[in-house]
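**Q** Below is the file final_27.txt, which contains compact mmCIF, C-alpha atoms and all ligand atoms.
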```
# COMPACT_ATOMS: atom_id res chain seq x y z
CA MET A 1 39.73 9.37 -23.81
CA GLY A 2 36.82 8.38 -26.02
CA LYS A 3 34.37 8.46 -23.16
CA GLU A 4 35.64 11.88 -22.22
CA ALA A 5 34.78 13.10 -25.74
CA ILE A 6 31.16 12.00 -25.26
CA LYS A 7 31.01 13.74 -21.91
CA ILE A 8 32.37 16.98 -23.35
CA GLU A 9 29.90 16.87 -26.26
CA LEU A 10 27.03 16.35 -23.83
CA GLU A 11 28.14 19.14 -21.52
CA LYS A 12 28.17 21.53 -24.47
CA ARG A 13 24.50 20.81 -25.04
CA ALA A 14 23.56 22.00 -21.50
CA LEU A 15 20.55 19.70 -21.32
CA PRO A 16 17.77 19.96 -18.75
CA GLU A 17 18.29 17.35 -16.08
CA VAL A 18 16.37 14.18 -16.61
CA LEU A 19 17.15 12.95 -13.10
CA ARG A 20 15.74 15.89 -11.14
CA LEU A 21 12.18 16.48 -10.04
CA ALA A 22 10.41 19.74 -10.78
CA ASP A 23 10.84 20.67 -7.11
CA SER A 24 14.65 20.24 -7.52
CA THR A 25 14.93 16.94 -5.65
CA ALA A 26 17.64 14.74 -7.14
CA VAL A 27 16.23 11.50 -8.52
CA ASN A 28 18.49 8.82 -7.08
CA THR A 29 16.19 5.86 -6.42
CA PRO A 30 13.91 3.84 -8.70
CA GLU A 31 10.95 5.07 -6.61
CA LEU A 32 11.80 8.70 -7.29
CA TRP A 33 12.29 7.82 -10.93
CA GLY A 34 8.69 6.58 -10.96
CA LYS A 35 7.62 10.04 -9.88
CA ARG A 36 9.91 11.79 -12.36
CA ARG A 37 8.60 9.58 -15.13
CA GLU A 38 5.09 10.88 -14.57
CA GLU A 39 6.36 14.46 -14.65
CA ILE A 40 8.14 13.80 -17.92
CA ARG A 41 5.09 12.22 -19.53
CA GLU A 42 3.18 15.30 -18.51
CA ILE A 43 5.76 17.79 -19.86
CA LEU A 44 6.08 16.02 -23.20
CA GLN A 45 2.34 15.88 -23.74
CA GLU A 46 1.80 19.47 -22.63
CA GLU A 47 4.65 21.06 -24.56
CA CYS A 48 5.39 18.86 -27.54
CA TYR A 49 3.09 16.07 -28.68
CA GLY A 50 -0.26 16.88 -27.12
CA ARG A 51 -2.47 14.82 -24.85
CA MET A 52 -3.21 11.24 -25.71
CA PRO A 53 -6.59 9.86 -24.58
CA ARG A 54 -6.48 7.62 -21.53
CA THR A 55 -10.10 6.51 -21.29
CA GLY A 56 -13.40 6.81 -23.13
CA TRP A 57 -13.27 4.35 -26.00
CA GLU A 58 -13.82 0.69 -26.85
CA THR A 59 -11.97 -1.35 -29.42
CA GLU A 60 -12.86 -4.40 -31.49
CA TRP A 61 -10.70 -6.30 -33.92
CA GLU A 62 -11.96 -8.26 -36.88
CA THR A 63 -9.99 -10.52 -39.19
CA VAL A 64 -11.08 -9.37 -42.61
CA GLN A 65 -8.74 -11.51 -44.69
CA GLU A 66 -6.43 -14.44 -44.13
CA ASP A 67 -3.99 -16.29 -46.34
CA LYS A 68 -2.82 -19.41 -44.55
CA ASN A 69 -0.10 -20.05 -47.10
CA ALA A 70 1.65 -16.77 -47.69
CA PHE A 71 5.23 -16.64 -48.97
CA GLY A 72 5.04 -20.08 -50.52
CA GLY A 73 3.37 -21.61 -47.48
CA LYS A 74 5.89 -20.33 -44.93
CA ALA A 75 3.63 -17.87 -43.15
CA VAL A 76 0.08 -16.88 -42.28
CA LEU A 77 -0.87 -13.44 -43.54
CA ARG A 78 -3.84 -11.90 -41.76
CA THR A 79 -5.45 -8.52 -42.23
CA VAL A 80 -7.16 -7.27 -39.09
CA GLU A 81 -9.37 -4.23 -38.85
CA VAL A 82 -9.14 -2.15 -35.69
CA ARG A 83 -12.49 -0.56 -34.84
CA ILE A 84 -12.58 2.15 -32.22
CA HIS A 85 -15.83 3.53 -30.77
CA THR A 86 -16.64 6.35 -28.43
CA ASN A 87 -20.22 7.16 -27.39
CA SER A 88 -20.83 9.21 -30.48
CA ARG A 89 -18.09 8.41 -32.97
CA TYR A 90 -16.29 5.62 -34.74
CA THR A 91 -13.10 5.09 -36.72
CA SER A 92 -11.25 2.10 -38.15
CA TYR A 93 -7.99 1.14 -39.82
CA PRO A 94 -6.41 -2.13 -40.89
CA PHE A 95 -3.12 -3.72 -39.98
CA GLN A 96 -1.43 -6.78 -41.34
CA LEU A 97 -0.05 -9.60 -39.26
CA VAL A 98 2.48 -11.99 -40.74
CA LEU A 99 3.09 -15.09 -38.64
CA PRO A 100 5.97 -17.42 -39.55
CA LYS A 101 4.94 -21.06 -39.32
CA ASN A 102 8.31 -22.46 -38.30
CA VAL A 103 8.42 -20.68 -34.92
CA GLN A 104 6.17 -21.23 -31.93
CA LYS A 105 5.14 -17.95 -30.34
CA PRO A 106 7.50 -15.71 -32.28
CA PRO A 107 8.61 -12.28 -31.10
CA VAL A 108 6.97 -9.46 -33.03
CA PHE A 109 7.90 -6.26 -34.81
CA VAL A 110 5.05 -3.78 -34.77
CA TYR A 111 6.07 -1.70 -37.73
CA LEU A 112 4.72 1.65 -38.82
CA THR A 113 5.24 1.91 -42.55
CA PHE A 114 4.91 4.62 -45.19
CA LEU A 115 3.91 2.06 -47.81
CA PRO A 116 0.48 0.62 -48.48
CA LEU A 117 -0.22 -2.82 -47.02
CA SER A 118 -0.17 -4.22 -50.54
CA SER A 119 3.62 -3.78 -50.72
CA ASP A 120 5.90 -6.66 -49.68
CA GLU A 121 8.63 -4.56 -48.10
CA LEU A 122 11.08 -7.08 -46.62
CA MET A 123 8.28 -9.01 -44.92
CA GLU A 124 9.50 -12.40 -46.12
CA GLU A 125 13.05 -11.76 -45.00
CA ILE A 126 11.94 -10.77 -41.53
CA THR A 127 9.53 -13.64 -41.03
CA ASP A 128 12.15 -16.08 -42.41
CA SER A 129 14.34 -14.88 -39.55
CA GLY A 130 11.73 -16.02 -37.04
CA TYR A 131 9.81 -12.83 -36.31
CA ALA A 132 6.18 -12.02 -36.72
CA VAL A 133 5.39 -8.60 -38.15
CA ALA A 134 2.34 -6.46 -37.43
CA ARG A 135 2.45 -3.73 -40.00
CA VAL A 136 0.31 -0.62 -40.16
CA SER A 137 0.36 1.88 -43.00
CA TYR A 138 0.33 5.15 -41.09
CA GLN A 139 -2.00 7.11 -43.34
CA ASP A 140 -4.63 4.40 -42.97
CA ILE A 141 -4.88 5.67 -39.37
CA ALA A 142 -5.07 9.35 -40.26
CA PRO A 143 -3.79 11.38 -43.20
CA ASP A 144 -0.45 13.14 -42.95
CA GLN A 145 -1.83 16.64 -43.22
CA GLY A 146 -3.16 19.44 -41.06
CA ASP A 147 -6.85 18.59 -41.03
CA GLY A 148 -7.70 19.79 -37.55
CA TYR A 149 -9.58 17.05 -35.77
CA THR A 150 -11.68 15.91 -38.68
CA ASN A 151 -10.19 12.49 -39.41
CA GLY A 152 -9.55 9.17 -37.72
CA PRO A 153 -8.86 8.95 -33.98
CA GLY A 154 -8.32 12.73 -33.88
CA ALA A 155 -12.01 13.22 -34.63
CA LEU A 156 -12.92 10.91 -31.75
CA PHE A 157 -11.00 13.02 -29.27
CA PRO A 158 -10.68 16.55 -30.65
CA GLY A 159 -8.07 18.67 -28.89
CA ASN A 160 -7.47 22.39 -28.45
CA ALA A 161 -4.91 24.72 -30.05
CA PHE A 162 -2.49 24.38 -27.13
CA ASP A 163 -2.13 20.86 -25.84
CA GLY A 164 -4.41 19.07 -28.31
CA TRP A 165 -2.71 15.99 -29.72
CA GLY A 166 -0.82 16.22 -32.97
CA LYS A 167 -0.58 13.55 -35.61
CA LEU A 168 2.52 11.90 -34.14
CA ALA A 169 0.50 11.27 -31.00
CA VAL A 170 -2.44 10.03 -33.07
CA TRP A 171 -0.26 7.54 -34.94
CA ALA A 172 1.46 6.48 -31.72
CA TRP A 173 -1.76 6.00 -29.76
CA SER A 174 -3.36 4.08 -32.61
CA THR A 175 -0.37 1.74 -32.71
CA SER A 176 -1.06 0.96 -29.06
CA ARG A 177 -4.53 -0.21 -30.12
CA ILE A 178 -2.72 -2.84 -32.23
CA MET A 179 -0.73 -3.75 -29.14
CA ASP A 180 -4.04 -4.26 -27.29
CA TYR A 181 -4.81 -7.01 -29.80
CA LEU A 182 -1.36 -8.57 -29.78
CA VAL A 183 -0.60 -8.64 -26.10
CA ASP A 184 -2.93 -11.56 -25.37
CA LEU A 185 -2.66 -13.31 -28.71
CA GLU A 186 -1.78 -16.98 -28.24
CA GLU A 187 0.11 -17.19 -31.53
CA ILE A 188 2.87 -14.78 -30.55
CA ASP A 189 5.10 -14.00 -27.59
CA GLY A 190 3.37 -11.07 -25.91
CA LYS A 191 6.46 -10.37 -23.83
CA ARG A 192 8.66 -9.74 -26.85
CA ILE A 193 6.96 -7.10 -28.92
CA ALA A 194 9.05 -4.29 -30.40
CA VAL A 195 7.69 -1.16 -32.06
CA ALA A 196 9.68 0.22 -35.00
CA GLY A 197 9.52 3.04 -37.50
CA HIS A 198 11.64 5.26 -39.71
CA SER A 199 11.90 9.03 -39.87
CA ARG A 200 8.54 10.63 -38.97
CA LEU A 201 7.45 7.12 -38.12
CA GLY A 202 10.61 6.71 -36.05
CA LYS A 203 9.30 9.67 -34.07
CA ALA A 204 5.85 8.08 -33.76
CA ALA A 205 7.32 4.66 -32.83
CA LEU A 206 9.46 6.23 -30.12
CA LEU A 207 6.50 8.15 -28.73
CA CYS A 208 4.37 5.02 -28.81
CA GLY A 209 6.92 2.86 -27.01
CA ALA A 210 7.75 5.63 -24.54
CA MET A 211 4.11 5.91 -23.50
CA ASP A 212 3.22 2.22 -23.68
CA ASP A 213 5.20 0.00 -21.32
CA ARG A 214 3.99 -3.21 -22.88
CA PHE A 215 6.55 -2.92 -25.67
CA SER A 216 9.74 -4.72 -24.66
CA MET A 217 11.76 -2.73 -27.20
CA VAL A 218 11.52 0.52 -29.11
CA ILE A 219 13.32 1.07 -32.42
CA SER A 220 13.68 4.56 -33.77
CA ASN A 221 15.39 4.77 -37.16
CA ASP A 222 16.72 8.10 -38.47
CA SER A 223 14.04 9.84 -36.41
CA GLY A 224 15.83 13.20 -36.07
CA ALA A 225 14.06 16.31 -34.81
CA GLY A 226 11.05 15.54 -32.64
CA GLY A 227 12.35 11.96 -32.54
CA ILE A 228 15.47 10.83 -30.74
CA SER A 229 17.73 13.77 -31.72
CA LEU A 230 18.51 16.26 -29.02
CA PHE A 231 17.17 19.69 -29.97
CA ARG A 232 19.86 21.63 -28.16
CA GLY A 233 22.91 22.00 -30.38
CA LYS A 234 21.27 20.11 -33.21
CA GLU A 235 22.31 20.50 -36.86
CA GLY A 236 19.75 20.33 -39.67
CA GLU A 237 16.07 20.49 -38.80
CA ASN A 238 15.09 22.49 -35.70
CA VAL A 239 11.90 23.40 -33.84
CA ALA A 240 11.14 26.34 -36.14
CA ASP A 241 11.43 24.09 -39.21
CA LEU A 242 9.10 21.54 -37.66
CA CYS A 243 6.57 24.19 -36.68
CA ARG A 244 6.66 25.74 -40.14
CA ASN A 245 6.52 22.58 -42.23
CA PHE A 246 4.69 20.09 -40.00
CA PRO A 247 2.87 22.05 -37.27
CA TYR A 248 0.10 19.45 -37.14
CA TRP A 249 2.52 16.68 -36.07
CA PHE A 250 2.80 18.37 -32.67
CA CYS A 251 0.63 20.28 -30.25
CA GLY A 252 0.30 24.06 -30.62
CA ASN A 253 2.42 24.76 -27.54
CA LEU A 254 5.60 23.65 -29.32
CA LYS A 255 5.51 26.86 -31.36
CA LYS A 256 6.53 28.80 -28.25
CA TYR A 257 9.99 27.34 -28.67
CA ALA A 258 10.55 28.02 -32.37
CA GLY A 259 13.97 29.70 -32.50
CA GLY A 260 14.38 29.14 -28.75
CA GLU A 261 15.49 25.55 -28.19
CA THR A 262 17.38 26.48 -25.02
CA LYS A 263 14.05 27.42 -23.42
CA LEU A 264 12.49 24.02 -23.94
CA PRO A 265 11.57 22.54 -20.54
CA PHE A 266 12.69 19.16 -21.89
CA ASP A 267 14.92 17.68 -24.53
CA GLN A 268 14.50 14.48 -26.43
CA HIS A 269 16.44 12.34 -23.96
CA PHE A 270 13.34 12.83 -21.76
CA LEU A 271 11.29 10.94 -24.31
CA ALA A 272 13.95 8.25 -24.66
CA ALA A 273 14.16 7.96 -20.85
CA LEU A 274 10.54 6.84 -20.66
CA VAL A 275 11.58 3.65 -22.43
CA ALA A 276 13.93 2.65 -19.58
CA PRO A 277 14.55 0.00 -18.34
CA ARG A 278 13.22 -1.60 -21.53
CA LYS A 279 15.37 -1.91 -24.62
CA LEU A 280 15.83 1.18 -26.73
CA TYR A 281 17.47 1.11 -30.14
CA ALA A 282 18.32 4.16 -32.22
CA ALA A 283 19.81 4.00 -35.68
CA SER A 284 21.38 6.76 -37.75
CA ALA A 285 22.71 7.11 -41.28
CA VAL A 286 25.92 9.06 -41.60
CA ASP A 287 24.78 11.26 -44.51
CA ASP A 288 21.46 12.12 -42.86
CA GLN A 289 22.44 15.59 -41.71
CA TRP A 290 18.84 16.83 -41.57
CA ALA A 291 18.18 14.31 -38.76
CA ASP A 292 21.72 14.78 -37.36
CA PRO A 293 23.33 11.46 -36.37
CA ARG A 294 25.47 13.09 -33.68
CA SER A 295 22.41 14.44 -31.88
CA GLU A 296 20.66 11.08 -32.20
CA PHE A 297 23.65 9.34 -30.67
CA LEU A 298 24.06 11.84 -27.84
CA SER A 299 20.47 11.34 -26.77
CA CYS A 300 21.27 7.65 -26.24
CA ALA A 301 24.27 8.63 -24.16
CA ALA A 302 22.23 11.17 -22.18
CA VAL A 303 19.64 8.60 -21.22
CA THR A 304 22.18 6.12 -19.90
CA PRO A 305 22.18 7.41 -16.28
CA VAL A 306 18.47 6.60 -16.10
CA TYR A 307 19.15 3.01 -17.17
CA GLU A 308 21.98 2.77 -14.67
CA LEU A 309 19.70 3.98 -11.89
CA LEU A 310 17.36 1.15 -12.80
CA GLY A 311 20.18 -1.41 -12.77
CA GLU A 312 20.67 -1.64 -16.52
CA LYS A 313 23.68 -0.82 -18.65
CA GLY A 314 22.29 1.85 -20.96
CA LEU A 315 24.49 2.61 -23.96
CA VAL A 316 27.82 0.82 -23.82
CA CYS A 317 30.49 2.40 -25.99
CA ASP A 318 33.93 3.88 -25.51
CA SER A 319 33.89 6.61 -28.08
CA LEU A 320 31.79 8.69 -30.42
CA PRO A 321 30.55 6.41 -33.22
CA GLU A 322 32.31 6.01 -36.51
CA THR A 323 30.55 4.98 -39.68
CA GLY A 324 29.71 1.29 -39.52
CA ASP A 325 29.79 1.06 -35.72
CA ALA A 326 27.08 -0.85 -33.91
CA PHE A 327 26.90 -0.70 -30.11
CA HIS A 328 24.90 -3.71 -29.01
CA GLU A 329 26.13 -4.53 -25.56
CA GLY A 330 23.82 -2.43 -23.39
CA SER A 331 20.08 -1.96 -22.97
CA VAL A 332 20.38 0.99 -25.34
CA GLY A 333 21.54 -0.08 -28.79
CA TYR A 334 22.78 2.19 -31.53
CA HIS A 335 24.25 1.92 -35.00
CA LEU A 336 25.59 4.39 -37.52
CA ARG A 337 25.10 3.07 -41.02
CA PRO A 338 26.89 4.41 -44.10
CA GLY A 339 24.61 6.17 -46.57
CA THR A 340 21.57 8.37 -46.52
CA HIS A 341 18.19 8.70 -44.80
CA TYR A 342 16.60 5.28 -45.24
CA LEU A 343 15.42 2.17 -43.46
CA GLY A 344 16.87 -0.82 -45.21
CA ARG A 345 17.99 -4.36 -44.97
CA GLU A 346 21.21 -3.54 -43.10
CA ASP A 347 19.22 -1.74 -40.42
CA TRP A 348 16.74 -4.60 -40.02
CA LYS A 349 19.59 -7.09 -39.85
CA LEU A 350 21.13 -5.19 -36.96
CA PHE A 351 17.78 -4.80 -35.15
CA MET A 352 17.31 -8.57 -35.35
CA GLU A 353 20.86 -9.26 -34.22
CA TYR A 354 20.30 -7.04 -31.22
CA ARG A 355 16.99 -8.69 -30.36
CA ARG A 356 18.50 -12.17 -30.58
CA ARG A 357 21.42 -11.19 -28.42
CA HIS A 358 19.20 -9.74 -25.69
CA GLY A 359 16.26 -12.12 -26.04
CA VAL A 360 13.74 -9.31 -26.49
C1 LIG A 401 11.01 15.51 -43.42
C2 LIG A 401 10.95 16.04 -42.02
C3 LIG A 401 11.60 15.07 -41.02
C4 LIG A 401 11.01 13.69 -41.19
C5 LIG A 401 11.11 13.28 -42.63
C6 LIG A 401 10.45 11.95 -42.96
O1 LIG A 401 12.31 15.48 -43.88
O2 LIG A 401 11.59 17.28 -42.01
O3 LIG A 401 11.39 15.51 -39.70
O4 LIG A 401 11.65 12.79 -40.34
O5 LIG A 401 10.46 14.23 -43.45
O6 LIG A 401 9.56 11.51 -42.27
O7 LIG A 401 10.82 11.38 -43.98
```
Could you show the structure in this file as structure tokens?
Ligand code: GCU
**A**
Amino acid sequence: MGKEAIKIELEKRALPEVLRLADSTAVNTPELWGKRREEIREILQEECYGRMPRTGWETEWETVQEDKNAFGGKAVLRTVEVRIHTNSRYTSYPFQLVLPKNVQKPPVFVYLTFLPLSSDELMEEITDSGYAVARVSYQDIAPDQGDGYTNGPGALFPGNAFDGWGKLAVWAWSTSRIMDYLVDLEEIDGKRIAVAGHSRLGKAALLCGAMDDRFSMVISNDSGAGGISLFRGKEGENVADLCRNFPYWFCGNLKKYAGGETKLPFDQHFLAALVAPRKLYAASAVDDQWADPRSEFLSCAAVTPVYELLGEKGLVCDSLPETGDAFHEGSVGYHLRPGTHYLGREDWKLFMEYRRRHGV
């Protein structure tokens, strides 16, 4: 009965098929999925987020500060500067790495934050639970404004008015440059690195983890439109709102679909599908109607056939979520928290519970 309700809700959305190639071939093997995956990456970059650079830069990392006895001696707190060069240009931004001392090779949260690195923001609680945190303050990468390609990594790889990368892609790509540092770092477990963010940074975290297979888990909190929410049938913010208020987050081509969601050649379950078979976790807050919890949840349900094709469980739940529910059994996790648009302690607690349960 409950499962039927999810199916009916999904049918109403009339989503484009994630498991069908552009030439109409049904995708029914992992090999064909590999091909479909490339198509989807292409569509999303062309029509929504813009093209992310694949080659043409070099990166260096320098420890610029280190406190070996942070949080009363429990952790090492290191500030690392990421320096990116092309032939003619250069940009840099810092991130902060907190390493708990009581765990050998801890798993990591790469966390995109709104706050400056000087804030403490739950760091102690998370590291006390046995996780390292690599935290980047998103506007240190590039300001949250429409500045063309004049700042940060955008200025290194300027794009055009159609498929030139928007700021979500810039923040996402730059987070992968932190991953480049972490993946071989002896002090952490390079196989258990999750990327997490809230709201616009939940969109950027999802894009980052979708495009970068090295993350074992992707956490998208209250990410809404342009994040994990399906556009078709969505309440609250829509494509026209995004293109009016935050055009520079996306590529110019997205404007073609303002007021015409049904014409989109993708929906957001395409983005989520790129995470498969790795762990995907979406979180909603029940009073966050602008993001639309129902559409966030349905995206997780819509992506489940891709996980199943790859031999994973996807989202495991018997009914539409009720406030307070957490679905942790499958490779796609989801919770619906009481309250408003926010990333708080209850959310983090559930992310950590999920990670412990699945060993990611
Ligand atoms: C606005 C925007 C959302 C975004 C949010 C945020 O509300 O419309 O798309 O998620 O800001 O980042 O806080």
**Q** Could you tell me which of A:Glu60, A:Asp180, A:Glu346, A:Glu329 comes closest to His358 of chain A if we count only C-alpha atoms?
**A**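 Closest residue, counting only C-alpha atoms: A:Glu329.
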**Q** Per residue of chain A within 8 Å of ligand LIG 401 (chain A), what are the shortest atom pair and its distance in Å to one decimal, counting all atoms listed in the file, with rows by chain and residue number, as a tab-separated table?
**A**
```
residue	atom	partner	partner_atom	distance
A:His198	CA	A:LIG401	O6	7.1
A:Ser199	CA	A:LIG401	O4	3.8
A:Arg200	CA	A:LIG401	O6	3.6
A:Leu201	CA	A:LIG401	O6	6.4
A:Gly202	CA	A:LIG401	O4	7.5
A:Lys203	CA	A:LIG401	O4	7.4
A:Asp222	CA	A:LIG401	O4	7.2
A:Ser223	CA	A:LIG401	O4	5.5
A:Gly224	CA	A:LIG401	O4	6.0
A:Ala225	CA	A:LIG401	O3	5.6
A:Gly226	CA	A:LIG401	O3	7.1
A:Gly227	CA	A:LIG401	O4	7.9
A:Glu237	CA	A:LIG401	O2	6.4
A:Asp241	CA	A:LIG401	O2	7.4
A:Leu242	CA	A:LIG401	O2	6.6
A:Asn245	CA	A:LIG401	O2	7.3
A:Phe246	CA	A:LIG401	O2	7.7
A:Trp290	CA	A:LIG401	O1	7.1
A:Ala291	CA	A:LIG401	O4	6.9
A:His341	CA	A:LIG401	O7	7.9
```
**Q** Pull the neighbourhood of (25.0, 0.6, -32.1) for me: all residues within 10 Å in file coordinates, counting all atoms listed in the file, as a list in words.
**A**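 Selection result: Tyr281, Ala282, Ala283, Ser284, Phe297, Cys300, Leu315, Val316, Cys317, Pro321, Gly324, Asp325, Ala326, Phe327, His328, Glu329, Gly330, Val332, Gly333, Tyr334, His335, Leu336, Arg337, Leu350, Phe351 and Tyr354 of chain A.
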**Q** So the first atom is atom CA of Ile228 of chain A and the second is atom CA of Ala301 of chain A; what is the distance between them in Å, to one decimal place?
**A** 11.2 Å
**Q** Using only C-alpha atoms, can you tell me which of A:Lys101, A:His85, A:Arg177, A:Arg37 comes closest to Lys68 of chain A?
**A**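 Checking each of A:Lys101, A:His85, A:Arg177, A:Arg37 against Lys68 of chain A, counting only C-alpha atoms, the winner is A:Lys101.
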**Q** Using all atoms listed in the file, pick whichever of A:Val136, A:Gly339, A:Gly233, A:Arg54 has the shortest atom-to-atom distance to Thr79 of chain A.
**A** A:Val136
**Q** Using all atoms listed in the file, pick whichever of A:Ile219, A:Val239, A:Leu280, A:Val64 has the shortest atom-to-atom distance to Thr262 of chain A.
**A** A:Val239
**Q** Please determine, counting only C-alpha atoms, which residue among A:Leu310, A:Pro143, A:Pro30, A:Leu156 has the shortest atom-to-atom distance to Glu58 of chain A.
**A** A:Leu156
**Q** If you measure from atom CA of Glu312 of chain A to atom CA of Asn28 of chain A, what distance in Å do you get, rounded to one decimal?
**A**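 Going from atom CA of Glu312 of chain A over to atom CA of Asn28 of chain A covers 14.3 Å.
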